[in-house]
>>> print(open('query28.cif').read())   # mmCIF, C-alpha atoms
data_target
#
loop_
_atom_site.group_PDB
_atom_site.id
_atom_site.type_symbol
_atom_site.label_atom_id
_atom_site.label_comp_id
_atom_site.auth_asym_id
_atom_site.auth_seq_id
_atom_site.Cartn_x
_atom_site.Cartn_y
_atom_site.Cartn_z
ATOM 1 C CA MET A 1 -35.891 30.803 13.197
ATOM 2 C CA SER A 2 -34.482 32.554 10.236
ATOM 3 C CA SER A 3 -35.329 31.669 6.727
ATOM 4 C CA LEU A 4 -32.870 30.637 4.080
ATOM 5 C CA SER A 5 -33.066 33.992 2.320
ATOM 6 C CA ASP A 6 -32.225 35.789 5.596
ATOM 7 C CA ARG A 7 -29.137 33.639 6.105
ATOM 8 C CA ILE A 8 -27.978 34.293 2.534
ATOM 9 C CA LYS A 9 -28.357 38.045 3.039
ATOM 10 C CA LYS A 10 -26.324 37.917 6.267
ATOM 11 C CA ASN A 11 -23.506 35.749 4.795
ATOM 12 C CA PRO A 12 -23.145 36.577 1.126
ATOM 13 C CA VAL A 13 -20.518 34.694 -0.851
ATOM 14 C CA LYS A 14 -17.547 36.958 -1.438
ATOM 15 C CA GLU A 15 -16.533 37.289 -5.059
ATOM 16 C CA GLU A 16 -12.959 38.146 -4.044
ATOM 17 C CA ASN A 17 -12.269 34.574 -2.890
ATOM 18 C CA HIS A 18 -13.266 33.191 -6.272
ATOM 19 C CA LYS A 19 -11.035 35.677 -8.086
ATOM 20 C CA GLU A 20 -8.015 34.774 -5.942
ATOM 21 C CA SER A 21 -8.259 31.072 -6.715
ATOM 22 C CA SER A 22 -8.486 31.738 -10.443
ATOM 23 C CA ASP A 23 -5.458 34.057 -10.179
ATOM 24 C CA LYS A 24 -3.493 31.288 -8.493
ATOM 25 C CA LYS A 25 -4.382 28.919 -11.324
ATOM 26 C CA LYS A 26 -3.135 31.434 -13.865
ATOM 27 C CA LEU A 27 0.179 31.813 -12.018
ATOM 28 C CA SER A 28 0.681 28.056 -11.843
ATOM 29 C CA ASP A 29 -0.140 27.753 -15.549
ATOM 30 C CA GLU A 30 2.480 30.375 -16.345
ATOM 31 C CA VAL A 31 5.113 28.604 -14.249
ATOM 32 C CA SER A 32 4.307 25.187 -15.713
ATOM 33 C CA GLY A 33 4.774 26.589 -19.220
ATOM 34 C CA GLU A 34 8.418 27.399 -18.468
ATOM 35 C CA LYS A 35 11.092 24.869 -19.260
ATOM 36 C CA LEU A 36 12.473 23.115 -16.191
ATOM 37 C CA ASN A 37 16.276 22.982 -16.200
ATOM 38 C CA PRO A 38 17.616 20.672 -13.500
ATOM 39 C CA LYS A 39 20.960 21.656 -12.039
ATOM 40 C CA SER A 40 23.994 19.454 -12.384
ATOM 41 C CA ASN A 41 25.940 18.141 -9.405
ATOM 42 C CA GLU A 42 28.720 20.614 -10.165
ATOM 43 C CA GLU A 43 26.287 23.538 -9.988
ATOM 44 C CA LEU A 44 24.749 22.270 -6.757
ATOM 45 C CA ASN A 45 28.192 21.740 -5.211
ATOM 46 C CA ALA A 46 29.243 25.250 -6.234
ATOM 47 C CA GLN A 47 26.141 26.740 -4.597
ATOM 48 C CA ASN A 48 26.520 24.727 -1.399
ATOM 49 C CA PRO A 49 30.156 23.809 -0.691
ATOM 50 C CA SER A 50 29.236 21.786 2.380
ATOM 51 C CA ARG A 51 27.210 19.395 0.202
ATOM 52 C CA LYS A 52 28.946 16.037 0.135
ATOM 53 C CA LYS A 53 29.993 14.510 -3.131
ATOM 54 C CA ARG A 54 29.338 10.827 -3.597
ATOM 55 C CA ARG A 55 32.302 8.539 -3.237
ATOM 56 C CA GLN A 56 33.082 6.542 -6.340
ATOM 57 C CA ALA A 57 33.367 2.769 -6.076
ATOM 58 C CA THR A 58 36.904 1.422 -5.971
ATOM 59 C CA PRO A 59 38.114 -1.109 -8.582
ATOM 60 C CA GLU A 60 38.082 -3.834 -5.899
ATOM 61 C CA GLU A 61 34.436 -3.104 -5.118
ATOM 62 C CA LEU A 62 33.520 -3.093 -8.792
ATOM 63 C CA ALA A 63 35.250 -6.455 -9.275
ATOM 64 C CA ASN A 64 33.128 -8.065 -6.544
ATOM 65 C CA PRO A 65 30.230 -9.966 -8.207
ATOM 66 C CA LEU A 66 27.960 -9.070 -5.272
ATOM 67 C CA HIS A 67 28.529 -5.321 -5.768
ATOM 68 C CA GLY A 68 25.236 -3.578 -6.545
ATOM 69 C CA VAL A 69 23.160 -6.761 -6.392
ATOM 70 C CA LYS A 70 20.303 -6.678 -3.890
ATOM 71 C CA LEU A 71 19.522 -9.619 -1.633
ATOM 72 C CA LYS A 72 16.080 -9.957 -3.203
ATOM 73 C CA GLU A 73 17.646 -10.287 -6.658
ATOM 74 C CA ILE A 74 20.105 -12.898 -5.381
ATOM 75 C CA LEU A 75 17.351 -14.996 -3.823
ATOM 76 C CA GLU A 76 15.079 -14.682 -6.879
ATOM 77 C CA ARG A 77 17.871 -15.851 -9.180
ATOM 78 C CA LEU A 78 18.746 -18.777 -6.903
ATOM 79 C CA VAL A 79 15.135 -19.924 -6.645
ATOM 80 C CA GLU A 80 14.703 -19.624 -10.412
ATOM 81 C CA HIS A 81 17.911 -21.561 -11.115
ATOM 82 C CA TYR A 82 17.863 -24.210 -8.359
ATOM 83 C CA GLY A 83 14.453 -24.163 -6.670
ATOM 84 C CA TRP A 84 13.544 -24.154 -2.994
ATOM 85 C CA GLU A 85 14.337 -27.868 -2.481
ATOM 86 C CA TYR A 86 17.982 -27.500 -3.474
ATOM 87 C CA LEU A 87 18.357 -24.342 -1.369
ATOM 88 C CA ALA A 88 16.871 -26.180 1.621
ATOM 89 C CA GLU A 89 19.476 -28.955 1.224
ATOM 90 C CA ARG A 90 22.374 -26.590 0.618
ATOM 91 C CA VAL A 91 21.520 -23.991 3.300
ATOM 92 C CA ASN A 92 19.953 -25.621 6.332
ATOM 93 C CA ILE A 93 17.416 -23.019 7.440
ATOM 94 C CA ARG A 94 13.731 -23.564 8.201
ATOM 95 C CA CYS A 95 12.438 -20.760 5.965
ATOM 96 C CA PHE A 96 13.755 -22.721 2.958
ATOM 97 C CA GLN A 97 12.487 -26.101 4.208
ATOM 98 C CA PHE A 98 8.941 -25.493 5.454
ATOM 99 C CA ASN A 99 6.500 -23.434 3.377
ATOM 100 C CA PRO A 100 9.178 -21.251 1.761
ATOM 101 C CA THR A 101 8.227 -17.748 0.647
ATOM 102 C CA MET A 102 10.284 -14.821 -0.570
ATOM 103 C CA LYS A 103 9.002 -12.586 2.225
ATOM 104 C CA SER A 104 9.878 -14.931 5.099
ATOM 105 C CA SER A 105 13.235 -15.851 3.582
ATOM 106 C CA LEU A 106 14.263 -12.238 2.951
ATOM 107 C CA GLY A 107 13.254 -11.251 6.471
ATOM 108 C CA PHE A 108 15.339 -14.032 8.006
ATOM 109 C CA LEU A 109 18.353 -13.447 5.755
ATOM 110 C CA ARG A 110 18.390 -9.714 6.513
ATOM 111 C CA LYS A 111 18.424 -10.397 10.245
ATOM 112 C CA THR A 112 20.836 -13.354 10.276
ATOM 113 C CA LYS A 113 24.343 -12.660 9.002
ATOM 114 C CA TRP A 114 25.565 -16.284 8.864
ATOM 115 C CA ALA A 115 22.557 -17.387 6.775
ATOM 116 C CA ARG A 116 23.035 -14.475 4.399
ATOM 117 C CA ASN A 117 26.718 -15.405 3.989
ATOM 118 C CA HIS A 118 25.737 -18.986 3.111
ATOM 119 C CA VAL A 119 23.196 -17.796 0.521
ATOM 120 C CA GLU A 120 25.755 -15.406 -0.989
ATOM 121 C CA ASP A 121 28.236 -18.308 -1.237
ATOM 122 C CA VAL A 122 25.643 -20.407 -3.072
ATOM 123 C CA TYR A 123 25.015 -17.455 -5.410
ATOM 124 C CA LEU A 124 28.746 -17.087 -6.143
ATOM 125 C CA ASP A 125 28.952 -20.829 -6.850
ATOM 126 C CA MET A 126 26.009 -20.478 -9.241
ATOM 127 C CA LEU A 127 27.771 -17.616 -11.070
ATOM 128 C CA ASP A 128 30.924 -19.736 -11.388
ATOM 129 C CA GLU A 129 28.823 -22.613 -12.704
ATOM 130 C CA LEU A 130 27.181 -20.401 -15.321
ATOM 131 C CA GLU A 131 30.517 -19.014 -16.520
ATOM 132 C CA LYS A 132 31.854 -22.498 -17.308
#
>>> encode(input="query28.cif", output="C-alpha cells")
Amino acid sequence: MSSLSDRIKKNPVKEENHKESSDKKKLSDEVSGEKLNPKSNEELNAQNPSRKKRRQATPEELANPLHGVKLKEILERLVEHYGWEYLAERVNIRCFQFNPTMKSSLGFLRKTKWARNHVEDVYLDMLDELEK
C-alpha cells in the first residue's frame, strides 16, 4: 500500500490546467463586455438568400376574428363569460358536462375538428353579443 504522500508525489496537480480555465474566464469577460448588435431580417436575408421570408397575413385573414387567437384563449374567455354549464348545454360534449377541466377540454378540442368548430362558433357569437 502506498501512503497519501506517495500518491501526491506521483500525481501532482498541474498548474497549467488552472491557468487555462482562468484564461477562458478572461476571454468570456472580454466578449460579454462588447455590445451585442442583433442583425435585422434584411441583413440575414442578404447573407443567406435561400432563407425564407415570412409571408404577411392577407387582409381577409386579418379581418377574421379568430386570426391569431389560440384555442386556449378562446376556451378561457368562454368559460369566464358563460361558465362550464352553459358550454355543456350549447356544445354537447362530455368534457364540458362531466368534471370539466381546461386540460381535458383542450385535448379533446384539438383532436376533434367538429367540436372545435362548434366552440369557435360559440366564441364568434359571444363576440357579436359583446359588440352590441
>>> closest_residue(input="query28.cif", among="A:Leu62, A:Pro49, A:Lys72, A:Tyr86", to="Arg116 of chain A", atoms="all atoms listed in the file")
A:Lys72
>>> residues_around(input="query28.cif", residues="His81 of chain A", least_positions_apart="3", cutoff="12 Å", atoms="only C-alpha atoms", output="number ranges by chain")
A: 74-78, 84-87, 122-123, 125-127, 129-130
>>> atom_distance(input="query28.cif", atom1="atom CA of Ser105 of chain A", atom2="atom CA of Leu66 of chain A")
18.5 Å
>>> atom_distance(input="query28.cif", atom1="atom CA of Ala63 of chain A", atom2="atom CA of Asp128 of chain A")
14.1 Å
>>> atom_distance(input="query28.cif", atom1="atom CA of Val119 of chain A", atom2="atom CA of Val91 of chain A")
7.0 Å
>>> closest_residue(input="query28.cif", among="A:Cys95, A:Glu73, A:Glu60, A:Glu43", to="Gly107 of chain A", atoms="all atoms listed in the file")
A:Cys95
>>> closest_residue(input="query28.cif", among="A:Asn92, A:Ser40, A:Asn45, A:Thr58", to="Ala115 of chain A", atoms="only C-alpha atoms")
A:Asn92
>>> closest_residue(input="query28.cif", among="A:Ile93, A:Leu124, A:Ala46, A:Met102", to="Val69 of chain A", atoms="all atoms listed in the file")
A:Leu124
